[in-house]
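Accompanying notes for the structure given below.
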Amino acid sequence: MSNLRNFNLRDKGAEIWENWGRPARTTFVFAVVGLVILLPYAGDFSITSILNTPTASYQAVLVYPVGMYILMALGLNIVVGKSGLLDLGYVAFFAIGAYSAAILGTRTNLNIWEILPIGMGLAMLSGVLLGLPTLRLRGDYLAIVTLGFGEIVRITAINIQSTGGPNGIGGVPNPPAVLGMKFDIDNLKGFFWIVLVMILLVIWMIRRFTSRRPGRAWEAIRQDEDVAMLMGVPVLRYKIWSFSIGAAVGGAAGVIFASKAMFVAPDMFTFNVSVLILSCVVFGGMGNIWGVIVGATILAYLPERIRFISTARQLVFGLALVIIMNVRPDGLLPRKKREKIKAKGAGN
Amino acid sequence: MNFSAVTSQFWSLLLAGVAIGFIYVLISLGYTMVYGVLRLINFANSEIFMVGTFASIIVSRNFFGYNDSSDTIHGFKLYYTLAACLIAAMLMSGVTAVIVELVAYRRLRAKGTNRLASLISAIGTSIVLSEGARILTQSRPLASPRLLDKFFVFNLGTVGFRIDIIIVIVFAAGLFFAVDRFVNKTLLGKAIRAVSMSEDTSRLMGINLNRVISATFFIGGLMTGAAAFLYDLVFENTRFNIGFNLGLAAFTAAVLGGIGNLRGAFFGGITLGLIEVFASAIFGAQWQAVTVFVVLVLVLLFKPNGLFGEAIQQSRV
């Protein structure tokens with residue numbers, strides 16, 4: 001039991017990875033990405049059809065919740081995992097993205113590709129506006145304010161006319177075809193690949209950030225805010241950056257989600273979604289990209305797969321959260337414990 | 001915007017706000033006491049409240065056999081029925097709180113892990129409790145039989161003081177006073193205050209940490225259960241997801257007064273109740289939650305430790 005607890009797959013993986021040469025690494029990355037690209041077809045073959053989900057369409061499940069959850073969990077990971085800010089209202093940015101797609105898509109001639117940066121920008125802007133006053137606060141206060149913000153966005157969407165009130169907005173357009181690939185209800189594979197491209201971009205972005213100044217600043221803030229400030233890290237500025245970059249990722253997920261579902265309504269953006277995304281991050285292992293991806297995949301896919309116990313599936317989900325947190329409090333794949341001191345500091 | 005309602009019904013709105021505020025005070029004690037000793041948000045407290053509302057109604061329905069069409073009862077019978085409902089709600093919530101601590105917090109605390117892990121495991125227990133209630137009740141609301149004849153005891157000007165409102169205010173104020181005395185005057189209360197100041201030092205002083213933390217959860221649960229009973233008495237209805245909004249409001253109240261601070265929770269609860277009632281009279285009931293949060297953000301901006309965070313630090317739990 002204690003072996004199981006101390007075993008760190010992340011460290012083990014990093015060790016193997018470091019011993020590989022460049023060709024081996026490149027081959028591995030291409031192989032994994034290739035396999036993931038082929039995932040939408042897995043439902044059609046006898047061996048892999050075990051992945052099929054009983055009630056919902058398998059390809060639809062791959063887009064939402066699985067792909068979307070991974071994307072949002074990666075975005076939230078920047079905020080919670082990298083910089084240690086507890087955000088309980090992440091769904092607000094998702095909702096802002098989705099509503100910008102719905103309102104701009106139905107009332108203007110802009111297509112989804114043009115709306116995508118606008119939605120991200122709006123989400124980012126609201127992240128900055130929310131962050132400026134609240135990021136001066138610490139831990140639990142930030143949690144309650146973000147939680148409140150998530151509810152405010154939802155209640156506002158219910159109560160004003162331009163968002164369609166409780167009925168929401170229907171007829172959100174699908175994205176126009178790119179290079180002959182169509183995106184609509186019959187071509188869900190396309191949506192999966194969009195989400196996949198976005199996930200890969202976010203992973204690339206996080207890896208770049210982590211090894212450079214913002215990543216180091218976030219790490220310092222996460223470990224000890226006071227010390228970071230004494231060392232001259234502009235704490236508030238980097239917190240706002242982290243918050244708004246996370247918000248932009250959530251906004252992007254929202255735009256694609258609205259365009260795939262073709263419809264948005266306030267009850268899609270409840271507090272439960274925020275909790276689920278946060279659970280994905282913590283469950284998988286905060287601060288570790290691969291852990292977050294594994295956590296989000298399991299938490300998004302499992303409830304769909306076990307839909308046959310449909311009434312109790314949320315109950316099982318809650319139990320799983322409690323048990324996993326008790327057995328492995330740092331998540332399934334915790335962040336790397338052994339930082340790259342050996343390579344840089346030892347001077348060999 | 002409807003300011004005329006405020007001016008014409010000022011005093012009755014004030015009374016309604018204070019009554020709701022007292023229910024918030026009791027629930028926010030559940031948050032604030034746990035925060036005081038553990039420095040953690042007890043996310044399952046909203047579900048502890050929900051369990052209490054069900055316990056109280058189920059006792060009057062299944063144990064005493066009342067239903068929606070029962071007549072109101074009087075005299076001694078009324079007293080012992082209500083007392084049984086109250087005790088059931090308090091015990092149920094108190095025991096649930098202790099179990100939540102055992103399941104969600106204790107092992108993680110022993111390992112000294114990060115705060116988010118405890119938060120997620122508390123969210124997990126909260127999901128288990130509310131989903132369990134949803135499955136058992138098949139998502140249906142449960143109405144509380146009206147046992148208490150709700151007459152107006154007296155009128156002050158245009159304001160009628162209804163009996164259930166008076167019970168809420170008197171009873172909640174009494175309970176709050178009792179908890180405040182308990183924390184400040186008894187040995188266990190002293191231990192609770194010691195743990196909230198420094199866990200390590202109090203362990204060195206020979207305080208049994210686990211016992212004190214369990215006791216804190218139990219007392220917080222008892223108060224939340226009493227709030228659940230009072231809620232049933234006034235609103236006569238419950239559902240599996242009732243805890244969410246009330247829990248959120250009570251937590252806001254705790255933060256408003258300075259979380260971890262008993263008397264802060266008192267002022268925070270009353271203030272929040274008043275803000276809620278007046279805001280929904282002015283802007284309409286649908287904006288009630290929004291105004292509450294806007295006020296909260298403003299308070300945190302200008303007084304980040306809550307309204308009474310530092311001023312009465314001495315009475316910190």
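Each chain of the structure tokens is named A, B, ... in the order shown, its residues numbered from 1; ligands are numbered from 1 in display order.
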
Expected answer as a ChimeraX atom specification: alpha helix (DSSP H) residues in segment 112-162 of chain B: /B:115-137

How about saving the chosen residues, all heavy atoms kept, as a short mmCIF file (atom, residue, chain, number, x, y, z; two decimals), in the first residue's frame?
```
data_model
loop_
_atom_site.label_atom_id
_atom_site.label_comp_id
_atom_site.auth_asym_id
_atom_site.auth_seq_id
_atom_site.Cartn_x
_atom_site.Cartn_y
_atom_site.Cartn_z
N ARG B 115 -4.31 21.77 0.77
CA ARG B 115 -5.69 22.11 1.13
C ARG B 115 -6.68 21.73 0.06
O ARG B 115 -7.82 21.41 0.34
CB ARG B 115 -5.77 23.61 1.40
CG ARG B 115 -4.89 24.07 2.54
CD ARG B 115 -4.44 25.51 2.33
NE ARG B 115 -5.56 26.37 2.02
CZ ARG B 115 -6.32 26.91 2.95
NH1 ARG B 115 -6.06 26.69 4.21
NH2 ARG B 115 -7.33 27.67 2.62
N LEU B 116 -6.23 21.77 -1.19
CA LEU B 116 -7.17 21.48 -2.26
C LEU B 116 -7.64 20.03 -2.22
O LEU B 116 -8.78 19.74 -2.56
CB LEU B 116 -6.54 21.78 -3.62
CG LEU B 116 -6.53 23.25 -3.98
CD1 LEU B 116 -5.86 23.47 -5.31
CD2 LEU B 116 -7.94 23.78 -4.03
N ALA B 117 -6.76 19.11 -1.78
CA ALA B 117 -7.17 17.71 -1.69
C ALA B 117 -8.33 17.56 -0.71
O ALA B 117 -9.32 16.88 -1.01
CB ALA B 117 -5.99 16.84 -1.28
N SER B 118 -8.23 18.23 0.45
CA SER B 118 -9.34 18.18 1.41
C SER B 118 -10.59 18.80 0.82
O SER B 118 -11.70 18.30 1.01
CB SER B 118 -8.99 18.93 2.68
OG SER B 118 -7.71 18.62 3.10
N LEU B 119 -10.40 19.88 0.07
CA LEU B 119 -11.55 20.56 -0.53
C LEU B 119 -12.27 19.60 -1.49
O LEU B 119 -13.49 19.47 -1.45
CB LEU B 119 -11.07 21.79 -1.29
CG LEU B 119 -12.17 22.65 -1.86
CD1 LEU B 119 -12.88 23.37 -0.76
CD2 LEU B 119 -11.62 23.63 -2.86
N ILE B 120 -11.49 18.92 -2.33
CA ILE B 120 -12.11 18.01 -3.30
C ILE B 120 -12.78 16.86 -2.58
O ILE B 120 -13.88 16.44 -2.95
CB ILE B 120 -11.05 17.48 -4.29
CG1 ILE B 120 -10.46 18.62 -5.09
CG2 ILE B 120 -11.67 16.45 -5.23
CD1 ILE B 120 -11.40 19.28 -6.04
N SER B 121 -12.16 16.33 -1.53
CA SER B 121 -12.82 15.20 -0.87
C SER B 121 -14.08 15.67 -0.15
O SER B 121 -15.07 14.94 -0.08
CB SER B 121 -11.86 14.44 0.05
OG SER B 121 -11.75 15.06 1.28
N ALA B 122 -14.08 16.92 0.34
CA ALA B 122 -15.32 17.45 0.92
C ALA B 122 -16.38 17.64 -0.15
O ALA B 122 -17.56 17.34 0.07
CB ALA B 122 -15.04 18.77 1.62
N ILE B 123 -15.97 18.11 -1.33
CA ILE B 123 -16.93 18.25 -2.44
C ILE B 123 -17.47 16.87 -2.80
O ILE B 123 -18.66 16.71 -3.07
CB ILE B 123 -16.25 18.93 -3.65
CG1 ILE B 123 -15.98 20.40 -3.34
CG2 ILE B 123 -17.11 18.81 -4.89
CD1 ILE B 123 -15.20 21.13 -4.40
N GLY B 124 -16.58 15.86 -2.76
CA GLY B 124 -17.02 14.49 -3.04
C GLY B 124 -18.09 14.03 -2.06
O GLY B 124 -19.14 13.53 -2.48
N THR B 125 -17.87 14.24 -0.76
CA THR B 125 -18.90 13.81 0.22
C THR B 125 -20.18 14.61 0.01
O THR B 125 -21.28 14.08 0.16
CB THR B 125 -18.44 14.05 1.67
OG1 THR B 125 -17.72 15.24 1.73
CG2 THR B 125 -17.62 12.91 2.18
N SER B 126 -20.02 15.89 -0.36
CA SER B 126 -21.20 16.71 -0.60
C SER B 126 -22.01 16.15 -1.78
O SER B 126 -23.24 16.06 -1.73
CB SER B 126 -20.74 18.14 -0.83
OG SER B 126 -21.65 18.86 -1.55
N ILE B 127 -21.31 15.73 -2.84
CA ILE B 127 -22.01 15.13 -3.99
C ILE B 127 -22.70 13.84 -3.56
O ILE B 127 -23.87 13.59 -3.90
CB ILE B 127 -21.03 14.85 -5.14
CG1 ILE B 127 -20.49 16.15 -5.72
CG2 ILE B 127 -21.70 14.03 -6.24
CD1 ILE B 127 -19.44 15.97 -6.79
N VAL B 128 -21.99 13.00 -2.77
CA VAL B 128 -22.58 11.73 -2.33
C VAL B 128 -23.86 12.00 -1.53
O VAL B 128 -24.90 11.37 -1.78
CB VAL B 128 -21.57 10.93 -1.47
CG1 VAL B 128 -22.26 9.75 -0.81
CG2 VAL B 128 -20.42 10.46 -2.32
N LEU B 129 -23.82 12.96 -0.61
CA LEU B 129 -24.99 13.23 0.22
C LEU B 129 -26.17 13.74 -0.62
O LEU B 129 -27.29 13.25 -0.50
CB LEU B 129 -24.65 14.25 1.31
CG LEU B 129 -23.81 13.73 2.47
CD1 LEU B 129 -23.39 14.88 3.36
CD2 LEU B 129 -24.60 12.71 3.28
N SER B 130 -25.90 14.72 -1.49
CA SER B 130 -27.04 15.30 -2.21
C SER B 130 -27.55 14.32 -3.25
O SER B 130 -28.77 14.23 -3.48
CB SER B 130 -26.67 16.64 -2.84
OG SER B 130 -25.86 16.46 -3.96
N GLU B 131 -26.66 13.54 -3.88
CA GLU B 131 -27.13 12.56 -4.85
C GLU B 131 -27.89 11.43 -4.16
O GLU B 131 -28.88 10.93 -4.67
CB GLU B 131 -25.96 11.99 -5.64
CG GLU B 131 -25.47 12.90 -6.74
CD GLU B 131 -26.55 13.17 -7.77
OE1 GLU B 131 -27.12 12.21 -8.32
OE2 GLU B 131 -26.84 14.35 -8.02
N GLY B 132 -27.39 11.04 -2.98
CA GLY B 132 -28.10 10.03 -2.21
C GLY B 132 -29.52 10.49 -1.90
O GLY B 132 -30.49 9.74 -2.10
N ALA B 133 -29.65 11.75 -1.49
CA ALA B 133 -30.98 12.28 -1.18
C ALA B 133 -31.83 12.36 -2.44
O ALA B 133 -33.03 12.10 -2.42
CB ALA B 133 -30.86 13.66 -0.54
N ARG B 134 -31.18 12.71 -3.57
CA ARG B 134 -31.93 12.82 -4.82
C ARG B 134 -32.50 11.46 -5.21
O ARG B 134 -33.67 11.34 -5.60
CB ARG B 134 -31.03 13.33 -5.94
CG ARG B 134 -31.77 13.61 -7.24
CD ARG B 134 -30.84 14.11 -8.32
NE ARG B 134 -29.92 13.07 -8.77
CZ ARG B 134 -30.22 12.12 -9.65
NH1 ARG B 134 -31.41 12.10 -10.19
NH2 ARG B 134 -29.34 11.21 -9.99
N ILE B 135 -31.68 10.41 -5.07
CA ILE B 135 -32.15 9.08 -5.45
C ILE B 135 -33.25 8.62 -4.51
O ILE B 135 -34.28 8.10 -4.94
CB ILE B 135 -30.97 8.10 -5.47
CG1 ILE B 135 -30.02 8.46 -6.60
CG2 ILE B 135 -31.46 6.67 -5.64
CD1 ILE B 135 -28.67 7.82 -6.51
N LEU B 136 -33.07 8.84 -3.21
CA LEU B 136 -34.07 8.38 -2.23
C LEU B 136 -35.40 9.11 -2.40
O LEU B 136 -36.45 8.52 -2.23
CB LEU B 136 -33.54 8.58 -0.81
CG LEU B 136 -32.42 7.62 -0.39
CD1 LEU B 136 -31.94 7.96 1.00
CD2 LEU B 136 -32.91 6.18 -0.44
N THR B 137 -35.35 10.42 -2.73
CA THR B 137 -36.60 11.16 -2.85
C THR B 137 -37.08 11.21 -4.30
O THR B 137 -38.10 11.83 -4.58
CB THR B 137 -36.43 12.62 -2.38
OG1 THR B 137 -35.42 13.23 -3.19
CG2 THR B 137 -36.02 12.70 -0.93
#
```

Find the residues around Pro334 of chain A up to 12 Å (only C-alpha atoms counted), leave out those fewer than 5 positions away in its own chain, and share them as number ranges by chain. A: 5-13, 81, 281-295, 325, 328-329; B: 114, 117

Return the neighbours of chain B among the residues of chain A, cut-off 6 Å, counting only C-alpha atoms, as number ranges by chain. A: 148, 152, 315, 318, 321-322, 325, 329

Counting only C-alpha atoms, what is within 8 Å of Thr270 of chain A, bar same-chain residues fewer than 3 positions away, as an NGL selection string? :A and (91 or 150-151 or 154 or 266-267 or 273-274)

Please write the residues from the selection above to a file, keeping C-alpha atoms, as a compact mmCIF listing (two decimals), in the first residue's frame.
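Once everything was written out, this is selection_36.txt:
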```txt
# COMPACT_ATOMS: atom_id res chain seq x y z
CA VAL A 91 -17.58 27.94 -15.77
CA GLY A 150 -19.88 32.08 -11.84
CA GLU A 151 -23.37 32.34 -10.38
CA ARG A 154 -25.56 32.39 -15.01
CA PRO A 266 -28.14 29.01 -18.68
CA ASP A 267 -28.52 25.60 -17.04
CA VAL A 273 -19.40 22.28 -14.08
CA SER A 274 -16.86 24.41 -12.22
```

Choose the residue, out of B:Met33, B:Ile219, B:Ile20, B:Met205, that has the smallest atom-to-atom separation from Thr96 of chain B; count only C-alpha atoms. B:Ile219

Under the rule that only C-alpha atoms are counted, which of B:Val212, B:Val170, B:Leu204, B:Val299 is the nearest residue to Leu137 of chain A?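 With only C-alpha atoms as the atom set, the closest residue is B:Val299.
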
Please determine, counting only C-alpha atoms, which residue among A:Gly171, A:Val33, A:Ser83, A:Leu188 has the shortest atom-to-atom distance to Arg216 of chain A.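 With only C-alpha atoms as the atom set, the closest residue is A:Ser83.
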
Write out as number ranges by chain each polymer residue whose atoms come within 8 Å of Ile203 of chain A, counting only C-alpha atoms; drop sequence neighbours fewer than 3 positions from it. A: 74, 199-200, 206-207, 289

Skipping near chain neighbours, those fewer than 6 positions away, what residues fall within 12 Å of Pro145 of chain B using only C-alpha atoms, listed as a ChimeraX atom specification? /B:56-62,64-73,81-82,85,232-238

Write out as a ChimeraX atom specification which residues come within 9 Å of segment 182-193 of chain B when counting only C-alpha atoms, dropping same-chain ones fewer than 4 positions away. /B:33,36-37,177-178,197-198,202,207-209,212-213,215-216,315-317

Just write the chosen residues, all heavy atoms, as a compact mmCIF listing (two decimals), in the first residue's frame.
```txt
# COMPACT_ATOMS: atom_id res chain seq x y z
N MET B 33 -16.99 27.89 12.37
CA MET B 33 -16.29 27.13 13.42
C MET B 33 -15.28 26.17 12.81
O MET B 33 -14.15 26.06 13.27
CB MET B 33 -17.29 26.37 14.28
CG MET B 33 -18.15 27.30 15.12
SD MET B 33 -19.14 26.44 16.32
CE MET B 33 -17.91 25.91 17.49
N GLY B 36 -12.45 28.06 11.60
CA GLY B 36 -11.62 28.50 12.71
C GLY B 36 -10.58 27.47 13.11
O GLY B 36 -9.41 27.81 13.30
N VAL B 37 -10.98 26.20 13.22
CA VAL B 37 -10.00 25.21 13.67
C VAL B 37 -9.17 24.63 12.55
O VAL B 37 -8.00 24.32 12.73
CB VAL B 37 -10.64 24.06 14.49
CG1 VAL B 37 -11.18 24.57 15.79
CG2 VAL B 37 -11.70 23.36 13.69
N PHE B 177 -26.17 32.66 21.45
CA PHE B 177 -25.64 33.07 22.75
C PHE B 177 -25.03 31.87 23.46
O PHE B 177 -23.92 31.94 24.01
CB PHE B 177 -26.78 33.68 23.58
CG PHE B 177 -26.32 34.21 24.90
CD1 PHE B 177 -25.58 35.38 24.96
CD2 PHE B 177 -26.63 33.55 26.08
CE1 PHE B 177 -25.15 35.87 26.18
CE2 PHE B 177 -26.20 34.04 27.30
CZ PHE B 177 -25.47 35.21 27.35
N ALA B 178 -25.73 30.71 23.41
CA ALA B 178 -25.23 29.51 24.07
C ALA B 178 -23.89 29.08 23.49
O ALA B 178 -22.94 28.77 24.22
CB ALA B 178 -26.25 28.38 23.93
N MET B 197 -5.84 28.78 17.29
CA MET B 197 -4.67 29.66 17.30
C MET B 197 -3.44 28.95 16.79
O MET B 197 -2.72 29.46 15.94
CB MET B 197 -4.41 30.18 18.71
CG MET B 197 -5.34 31.30 19.09
SD MET B 197 -5.07 31.77 20.80
CE MET B 197 -6.47 32.84 21.06
N SER B 198 -3.17 27.75 17.31
CA SER B 198 -2.02 27.01 16.81
C SER B 198 -2.22 25.53 17.07
O SER B 198 -2.31 25.10 18.22
CB SER B 198 -0.74 27.49 17.48
OG SER B 198 0.29 26.55 17.22
N SER B 202 -1.10 23.56 20.63
CA SER B 202 -2.14 22.95 21.46
C SER B 202 -1.91 21.46 21.60
O SER B 202 -2.23 20.87 22.64
CB SER B 202 -3.52 23.25 20.89
OG SER B 202 -3.56 23.04 19.52
N ILE B 207 -3.63 18.70 24.25
CA ILE B 207 -5.01 18.70 23.74
C ILE B 207 -5.15 17.59 22.71
O ILE B 207 -4.31 17.45 21.82
CB ILE B 207 -5.35 20.07 23.12
CG1 ILE B 207 -5.39 21.13 24.21
CG2 ILE B 207 -6.68 20.01 22.40
CD1 ILE B 207 -5.53 22.53 23.68
N ASN B 208 -6.22 16.81 22.86
CA ASN B 208 -6.48 15.75 21.90
C ASN B 208 -7.10 16.38 20.66
O ASN B 208 -8.27 16.72 20.62
CB ASN B 208 -7.43 14.72 22.52
CG ASN B 208 -7.66 13.54 21.60
OD1 ASN B 208 -7.44 13.63 20.40
ND2 ASN B 208 -8.09 12.44 22.18
N LEU B 209 -6.26 16.54 19.63
CA LEU B 209 -6.65 17.29 18.45
C LEU B 209 -7.88 16.70 17.76
O LEU B 209 -8.83 17.41 17.45
CB LEU B 209 -5.47 17.32 17.48
CG LEU B 209 -5.30 18.57 16.65
CD1 LEU B 209 -5.19 19.78 17.54
CD2 LEU B 209 -4.05 18.45 15.80
N VAL B 212 -11.09 17.36 19.64
CA VAL B 212 -11.53 18.75 19.57
C VAL B 212 -12.12 19.05 18.20
O VAL B 212 -13.17 19.71 18.09
CB VAL B 212 -10.35 19.70 19.87
CG1 VAL B 212 -10.72 21.13 19.56
CG2 VAL B 212 -9.95 19.57 21.32
N ILE B 213 -11.48 18.53 17.15
CA ILE B 213 -11.98 18.82 15.80
C ILE B 213 -13.33 18.15 15.59
O ILE B 213 -14.26 18.76 15.05
CB ILE B 213 -10.93 18.40 14.75
CG1 ILE B 213 -9.74 19.36 14.84
CG2 ILE B 213 -11.52 18.41 13.36
CD1 ILE B 213 -8.57 18.98 14.01
N ALA B 215 -15.48 17.50 17.90
CA ALA B 215 -16.45 18.28 18.69
C ALA B 215 -16.85 19.53 17.94
O ALA B 215 -18.03 19.91 17.92
CB ALA B 215 -15.85 18.64 20.04
N THR B 216 -15.87 20.19 17.29
CA THR B 216 -16.19 21.40 16.54
C THR B 216 -17.16 21.10 15.41
O THR B 216 -18.15 21.83 15.21
CB THR B 216 -14.90 22.00 15.96
OG1 THR B 216 -13.93 22.06 16.98
CG2 THR B 216 -15.16 23.37 15.41
N SER B 315 -12.48 37.11 20.10
CA SER B 315 -13.53 36.10 20.20
C SER B 315 -13.43 35.09 19.07
O SER B 315 -14.36 34.37 18.80
CB SER B 315 -14.89 36.77 20.16
OG SER B 315 -15.07 37.37 18.91
N ARG B 316 -12.30 35.08 18.42
CA ARG B 316 -12.08 34.11 17.35
C ARG B 316 -12.26 32.70 17.89
O ARG B 316 -11.82 32.39 18.98
CB ARG B 316 -10.66 34.27 16.86
CG ARG B 316 -10.48 33.88 15.44
CD ARG B 316 -9.05 34.08 15.03
NE ARG B 316 -8.90 33.48 13.73
CZ ARG B 316 -9.14 34.11 12.61
NH1 ARG B 316 -9.47 35.36 12.64
NH2 ARG B 316 -9.02 33.51 11.46
N VAL B 317 -12.92 31.86 17.12
CA VAL B 317 -13.10 30.47 17.56
C VAL B 317 -11.75 29.79 17.62
O VAL B 317 -11.03 29.83 16.65
CB VAL B 317 -13.98 29.70 16.58
CG1 VAL B 317 -14.20 28.31 17.11
CG2 VAL B 317 -15.27 30.38 16.35
```

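Going from atom CA of Ile277 of chain A over to atom CA of Val100 of chain B, you cover 22.6 Å.
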
Pick out the residues sitting within 8 Å of Tyr238 of chain A, and hand them over as a ChimeraX atom specification; count only C-alpha atoms, and ignore anything fewer than 3 positions along from it in its own chain. /A:214,217-218,234-235,241-242

Got time to write the residues from that selection, N, CA, C and O atoms, as a CSV table (one decimal), in the first residue's frame?
```csv
chain,number,residue,atom,x,y,z
A,214,PRO,N,7.3,33.7,-16.9
A,214,PRO,CA,6.0,33.6,-16.3
A,214,PRO,C,5.8,32.3,-15.4
A,214,PRO,O,5.3,32.4,-14.3
A,217,ALA,N,7.6,32.7,-12.3
A,217,ALA,CA,6.9,33.6,-11.4
A,217,ALA,C,5.7,32.9,-10.7
A,217,ALA,O,5.5,33.0,-9.5
A,218,TRP,N,5.0,32.2,-11.5
A,218,TRP,CA,3.8,31.5,-11.0
A,218,TRP,C,4.2,30.5,-9.9
A,218,TRP,O,3.5,30.3,-8.9
A,234,PRO,N,6.6,40.7,-9.7
A,234,PRO,CA,5.3,41.6,-9.6
A,234,PRO,C,4.1,40.7,-9.5
A,234,PRO,O,3.5,40.2,-10.5
A,235,VAL,N,3.8,40.3,-8.2
A,235,VAL,CA,2.8,39.3,-7.9
A,235,VAL,C,1.5,39.5,-8.6
A,235,VAL,O,1.0,38.6,-9.3
A,241,TRP,N,-2.2,37.8,-15.2
A,241,TRP,CA,-1.9,37.1,-16.4
A,241,TRP,C,-2.4,35.6,-16.3
A,241,TRP,O,-3.0,35.1,-17.3
A,242,SER,N,-2.1,35.0,-15.2
A,242,SER,CA,-2.4,33.6,-15.1
A,242,SER,C,-4.0,33.4,-15.2
A,242,SER,O,-4.5,32.6,-15.9
```

Calculated over only C-alpha atoms, which of the candidates A:Thr106, A:Thr27, A:Asn326, A:Ser279 has the smallest distance to Gly164 of chain A?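 Checking each candidate against Gly164 of chain A, we get A:Thr106 as the closest.
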